[in-house]
Structures are given as C-alpha cells and as structure tokens.
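This is entry-v4.cif. It holds mmCIF, C-alpha atoms.
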```
data_work
#
loop_
_atom_site.label_atom_id
_atom_site.label_comp_id
_atom_site.auth_asym_id
_atom_site.auth_seq_id
_atom_site.Cartn_x
_atom_site.Cartn_y
_atom_site.Cartn_z
CA MET A 1 0.82 -12.11 13.07
CA LEU A 2 3.42 -9.62 14.19
CA ARG A 3 7.00 -10.85 14.16
CA ARG A 4 10.49 -9.57 14.77
CA ASN A 5 12.94 -9.39 11.84
CA PRO A 6 16.51 -10.82 12.04
CA THR A 7 17.91 -7.44 13.21
CA GLY A 8 15.41 -7.36 16.09
CA ASP A 9 12.93 -4.77 14.78
CA MET A 10 9.32 -5.30 15.78
CA PRO A 11 6.32 -3.75 13.96
CA VAL A 12 4.64 -0.72 15.54
CA VAL A 13 0.88 -0.88 14.96
CA SER A 14 -1.63 1.73 16.11
CA GLU A 15 -4.22 0.36 18.50
CA ASN A 16 -6.77 2.04 16.19
CA ALA A 17 -5.72 -0.06 13.18
CA PHE A 18 -7.01 -3.51 12.25
CA VAL A 19 -4.63 -6.26 11.15
CA ASP A 20 -6.31 -9.50 10.09
CA PRO A 21 -5.00 -12.47 12.10
CA THR A 22 -3.86 -14.19 8.88
CA ALA A 23 -1.69 -11.23 7.81
CA ILE A 24 2.05 -11.27 8.50
CA ILE A 25 3.68 -8.01 9.56
CA CYS A 26 7.42 -8.44 10.03
CA GLY A 27 10.17 -6.10 11.19
CA LYS A 28 10.53 -2.35 10.87
CA VAL A 29 6.93 -1.59 9.89
CA ILE A 30 4.89 1.36 11.16
CA ILE A 31 1.10 1.22 10.76
CA GLU A 32 -0.81 4.37 11.70
CA ASP A 33 -4.40 5.01 12.87
CA ASN A 34 -7.45 3.60 11.11
CA VAL A 35 -5.47 1.37 8.72
CA PHE A 36 -7.05 -1.87 7.51
CA ILE A 37 -4.72 -4.80 6.74
CA GLY A 38 -6.69 -7.58 5.05
CA PRO A 39 -6.41 -11.35 5.13
CA TYR A 40 -3.13 -12.92 3.98
CA ALA A 41 -1.35 -9.61 3.42
CA VAL A 42 2.41 -9.76 3.96
CA ILE A 43 4.33 -6.62 4.96
CA ARG A 44 7.97 -7.42 5.51
CA ALA A 45 10.78 -4.98 6.42
CA ASP A 46 13.75 -7.24 6.99
CA GLU A 47 16.51 -6.54 4.43
CA VAL A 48 19.37 -4.19 5.26
CA ASN A 49 21.57 -2.10 2.97
CA GLU A 50 25.37 -2.45 2.67
CA PHE A 51 25.74 -0.45 5.92
CA GLY A 52 23.41 -2.76 7.87
CA GLU A 53 20.61 -0.16 7.92
CA MET A 54 17.00 -0.14 6.75
CA GLU A 55 14.24 2.40 6.37
CA PRO A 56 10.83 1.47 7.77
CA ILE A 57 7.83 0.48 5.74
CA LEU A 58 5.36 3.21 6.71
CA ILE A 59 1.62 2.87 6.14
CA LYS A 60 -0.08 6.13 6.90
CA ARG A 61 -3.49 6.72 8.44
CA ASP A 62 -6.85 5.84 6.86
CA THR A 63 -5.29 3.49 4.30
CA ASN A 64 -6.35 -0.02 3.38
CA ILE A 65 -4.13 -2.89 2.35
CA GLN A 66 -6.41 -5.57 0.98
CA ASP A 67 -6.31 -9.35 0.80
CA GLY A 68 -3.06 -10.95 -0.36
CA VAL A 69 -1.11 -7.70 -0.86
CA VAL A 70 2.68 -8.00 -0.51
CA ILE A 71 4.78 -5.01 0.57
CA HIS A 72 8.54 -5.50 0.77
CA SER A 73 11.73 -3.61 0.13
CA LYS A 74 15.08 -4.36 -1.44
CA ALA A 75 18.19 -3.68 0.61
CA GLY A 76 16.48 -1.60 3.30
CA ALA A 77 15.08 0.99 0.90
CA GLU A 78 12.16 3.25 1.78
CA VAL A 79 8.55 2.22 1.31
CA THR A 80 5.87 4.74 2.22
CA ILE A 81 2.15 4.31 1.59
CA GLY A 82 0.29 7.62 1.92
CA GLU A 83 -2.92 8.57 3.71
CA ARG A 84 -6.33 7.47 2.38
CA THR A 85 -4.72 5.12 -0.12
CA SER A 86 -6.11 1.77 -1.28
CA ILE A 87 -3.93 -1.12 -2.37
CA ALA A 88 -6.27 -3.73 -3.86
CA HIS A 89 -6.19 -7.52 -3.71
CA ARG A 90 -2.95 -9.36 -4.61
CA SER A 91 -0.97 -6.26 -5.55
CA ILE A 92 2.77 -6.03 -4.91
CA ILE A 93 4.47 -2.86 -3.70
CA HIS A 94 8.23 -3.30 -3.67
CA GLY A 95 10.71 -0.70 -2.50
CA PRO A 96 12.25 1.57 -3.07
CA CYS A 97 8.79 3.05 -3.47
CA VAL A 98 6.66 5.99 -2.36
CA VAL A 99 2.90 5.89 -2.90
CA SER A 100 1.42 9.31 -2.10
CA ASP A 101 -1.90 10.22 -0.48
CA ASP A 102 -5.27 9.42 -2.07
CA VAL A 103 -3.92 6.80 -4.50
CA PHE A 104 -5.81 3.74 -5.73
CA ILE A 105 -3.81 0.73 -6.93
CA GLY A 106 -5.98 -1.93 -8.55
CA PHE A 107 -6.04 -5.70 -8.30
CA ASN A 108 -2.88 -7.62 -9.23
CA SER A 109 -0.80 -4.53 -9.94
CA VAL A 110 2.94 -4.23 -9.28
CA VAL A 111 4.76 -1.05 -8.27
CA PHE A 112 8.56 -1.15 -8.00
CA ASN A 113 11.22 1.54 -7.74
CA ALA A 114 8.78 4.40 -8.34
CA GLN A 115 7.08 7.39 -6.77
CA ILE A 116 3.34 7.52 -7.36
CA GLY A 117 1.93 11.05 -7.20
CA LYS A 118 -1.02 12.15 -5.11
CA GLY A 119 -4.43 11.17 -6.43
CA CYS A 120 -3.23 8.66 -9.04
CA VAL A 121 -5.44 5.76 -10.06
CA ILE A 122 -3.64 2.64 -11.25
CA ARG A 123 -6.18 0.15 -12.54
CA HIS A 124 -5.96 -3.66 -12.37
CA ASN A 125 -3.09 -5.76 -13.72
CA CYS A 126 -0.68 -2.85 -14.24
CA VAL A 127 3.09 -2.74 -13.79
CA ILE A 128 4.88 0.48 -12.81
CA ASP A 129 8.63 -0.21 -12.82
CA GLY A 130 11.27 2.47 -12.47
CA LEU A 131 9.26 5.49 -13.62
CA ASP A 132 7.58 8.07 -11.37
CA LEU A 133 3.95 9.10 -11.95
CA PRO A 134 2.93 12.74 -11.52
CA GLU A 135 -0.16 13.65 -9.50
CA HIS A 136 -3.67 12.71 -10.66
CA PHE A 137 -2.77 10.31 -13.43
CA HIS A 138 -4.98 7.46 -14.52
CA VAL A 139 -3.25 4.29 -15.66
CA PRO A 140 -5.63 2.13 -17.72
CA PRO A 141 -6.01 -1.59 -16.97
CA MET A 142 -3.17 -3.89 -18.05
CA THR A 143 -0.71 -1.07 -18.75
CA ASN A 144 3.02 -1.65 -18.31
CA ILE A 145 5.03 1.48 -17.55
CA GLY A 146 8.81 1.43 -17.39
CA SER A 147 11.73 3.66 -18.24
CA GLY A 148 11.22 5.31 -21.61
CA PHE A 149 7.42 5.14 -21.40
CA ASP A 150 5.75 8.33 -22.65
CA LEU A 151 3.77 9.65 -19.69
CA ASN A 152 2.02 12.12 -22.01
CA SER A 153 -0.03 9.16 -23.23
CA ILE A 154 -1.61 8.88 -19.75
CA SER A 155 -4.59 11.13 -19.11
CA LYS A 156 -5.65 12.86 -15.88
CA VAL A 157 -7.81 10.80 -13.54
CA PRO A 158 -11.47 11.07 -14.55
CA PRO A 159 -13.67 12.25 -11.64
CA GLU A 160 -15.60 8.96 -11.51
CA TYR A 161 -12.39 7.02 -10.75
CA SER A 162 -11.46 9.38 -7.92
CA ALA A 163 -14.96 8.95 -6.50
CA PHE A 164 -14.59 5.16 -6.71
CA SER A 165 -11.28 5.33 -4.84
CA GLU A 166 -12.87 7.46 -2.11
CA SER A 167 -15.72 4.95 -1.76
CA VAL A 168 -13.23 2.08 -1.28
CA VAL A 169 -11.44 4.02 1.47
CA SER A 170 -14.77 4.77 3.15
CA ALA A 171 -15.88 1.13 3.02
CA ASN A 172 -12.62 0.02 4.59
CA HIS A 173 -12.95 2.58 7.42
CA THR A 174 -16.20 0.83 8.27
CA LEU A 175 -14.42 -2.54 8.19
CA VAL A 176 -11.74 -1.32 10.61
CA GLN A 177 -14.39 -0.32 13.13
CA GLY A 178 -16.41 -3.51 12.67
CA TYR A 179 -13.49 -5.91 12.93
CA ARG A 180 -12.06 -4.06 15.94
CA ARG A 181 -15.47 -4.32 17.66
CA ILE A 182 -15.62 -8.08 16.98
CA ALA A 183 -12.03 -8.56 18.24
CA ASN A 184 -12.88 -6.70 21.47
CA GLU A 185 -15.90 -8.95 22.03
CA LEU A 186 -13.80 -12.12 21.91
#
```

In structure tokens, what does this structure look like?
Amino acid sequence: MLRRNPTGDMPVVSENAFVDPTAIICGKVIIEDNVFIGPYAVIRADEVNEFGEMEPILIKRDTNIQDGVVIHSKAGAEVTIGERTSIAHRSIIHGPCVVSDDVFIGFNSVVFNAQIGKGCVIRHNCVIDGLDLPEHFHVPPMTNIGSGFDLNSISKVPPEYSAFSESVVSANHTLVQGYRRIANEL
C-alpha cells in the first residue's frame, strides 16, 4: 500500500519494481528499478527535522527488502540503501543510515545511525549502532557493534559469504519478474 505522509509526500516507485500488496510504503520514499519489497515490509518517511524538512528514503536498483523489514528515519534524516543489496527478514534499518552497494544484512539485524561500507556482510541477529563499517567487512552472527567497538576484531568478508549475498540478489530479481507477471495477468 502506498500512502501519503502528513506533509503530503507520496512514494515514487519504479514501474519495474515489485511491492507486495501487504507492504506499506509511506511518504518521501524513492524505489528504483528492479527492487523487490516483500510481504509486510514497512518503509516510512514521515518525520521532519526542526526546520520542517526531511530527506527521502532511497532504495536503489536491484535491491531486495524482504518480509517484515522496517525502514524508518528519525527527524527527517537520510536513509539510503545501495544497489544490489539484500535486507533479510525482520531487519530494522533506522536513519540516519547509509547502506552501500552489494551489502547483505541478515535476519533480525538492526542498523541505526551508521554507514555500512560496500560489500559488507552482516549476519543474523546483529546490532550496528552508531559506528560505521568499512568496505568488505564480515560481522559474525549475534554481534553487537557500538561506539568503542574494536573494528580490527572484524575480518574481511570470506568469498563464500559474498557469493551467498549475490545468489540472494539473483533469486530476488527472478521474484520481481515473476510477481510483476502475475500482477499483470490479474
């Protein structure tokens, strides 16, 4: 469901994207080509800063936002999700936040007030809060990262995890095409 926010902004969704009918996309949201938005996802750009302004939530091309994901932003801050990125089931991305290209964020993870570098893999049940991750880092399952965390304890992404991330993106490209075909038949 696409809906206007209280300041009158309406989502802009590429006709080449797929948004599940149970998802809620509200306000100043931009969804580019070949994006998959899964069931019960909520993407809500509706809070303004002290000047009455807000940045959009931008989801770039070839990305998938899976079932139950919540993307929101505090006080109109920026949220950008890069190209070919996968946000897995029930994760929360809360702005201010930038997730770069080719990132995988695993089930039930939370990212808040952080920049996630290109090619990072954040496994399931992780929390990234207030600390930026450099490119190509692997965050093991159930890791909590906040200010003061020693990033040197995080290793580079092993090749098999990058390959897994690429396979998830590929599978979701197929879903976009299939669901769009079904919607056009109705």

Can you pull out the residues contacting segment 65-82 of chain A? Cut-off 7 Å, using only C-alpha atoms, and skip same-chain residues under 4 positions away; I want them as number ranges by chain.
A: 36-45, 47-49, 53-60, 86-101

I need the residue set behind the PyMOL selection byres ((chain A and resi 19) around 9) for this file; please write it as a VMD selection string.
chain A and resid 1 13 17 to 18 20 to 25 35 to 39 176

Evaluate the PyMOL selection byres ((chain A and resi 133) around 6) and record the selected residues as a ChimeraX atom specification, following the chain and residue labels used in the document.
/A:116-117,132,134

Report, in Å with one decimal, the straight-line distance from atom CA of Val110 of chain A to atom CA of Cys26 of chain A.
20.3 Å

When you draw a straight line from atom CA of Arg61 of chain A to atom CA of Ala183 of chain A, how long is it in Å?
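Computed distance, atom CA of Arg61 of chain A to atom CA of Ala183 of chain A, equals 20.1 Å.
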
For the atom pair atom CA of Pro6 of chain A and atom CA of Lys28 of chain A, what is the interatomic distance in Å to one decimal place?
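Value for the atom CA of Pro6 of chain A-atom CA of Lys28 of chain A distance: 10.4 Å.
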
Nearest to Asp33 of chain A: which of A:Arg4, A:His138, A:Arg181, A:Arg84 is it, counting all atoms listed in the file?
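Nearest candidate to Asp33 of chain A out of A:Arg4, A:His138, A:Arg181, A:Arg84: A:Arg84.
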
Pick from A:Glu135, A:Asn64, A:Gly178, A:Asp46: nearest to Ile31 of chain A, with all atoms listed in the file counted?
A:Asn64

Take the PyMOL selection byres ((chain A and resi 146) around 10), apply it to the structure above, and return the hits as a VMD selection string.
chain A and resid 112 to 114 127 to 132 143 to 145 147 to 151

Grab the residues selected above and save them as a JSON list (two decimals), in the coordinates of the input with C-alpha atoms.
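Writing done, so here's again-v7.json:
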```json
[["chain", "number", "residue", "atom", "x", "y", "z"],
["A", 112, "PHE", "CA", 8.56, -1.15, -8.00],
["A", 113, "ASN", "CA", 11.22, 1.54, -7.74],
["A", 114, "ALA", "CA", 8.78, 4.40, -8.34],
["A", 127, "VAL", "CA", 3.09, -2.74, -13.79],
["A", 128, "ILE", "CA", 4.88, 0.48, -12.81],
["A", 129, "ASP", "CA", 8.63, -0.21, -12.82],
["A", 130, "GLY", "CA", 11.27, 2.47, -12.47],
["A", 131, "LEU", "CA", 9.26, 5.49, -13.62],
["A", 132, "ASP", "CA", 7.58, 8.07, -11.37],
["A", 143, "THR", "CA", -0.71, -1.07, -18.75],
["A", 144, "ASN", "CA", 3.02, -1.65, -18.31],
["A", 145, "ILE", "CA", 5.03, 1.48, -17.55],
["A", 147, "SER", "CA", 11.73, 3.66, -18.24],
["A", 148, "GLY", "CA", 11.22, 5.31, -21.61],
["A", 149, "PHE", "CA", 7.42, 5.14, -21.40],
["A", 150, "ASP", "CA", 5.75, 8.33, -22.65],
["A", 151, "LEU", "CA", 3.77, 9.65, -19.69]]
```

Rank A:Thr85, A:Val121, A:Glu50, A:Pro141 by their smallest atom-to-atom distance to Asn108 of chain A, using all atoms listed in the file, and report the top residue only.
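Nearest candidate to Asn108 of chain A out of A:Thr85, A:Val121, A:Glu50, A:Pro141: A:Pro141.
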
Centre and size of axis-aligned box enclosing segment 179-182 of chain A plus 4 Å each side, as lines of an AutoDock Vina configuration file:
```
center_x = -13.8
center_y = -6.1
center_z = 15.3
size_x = 11.6
size_y = 12.0
size_z = 12.7
```
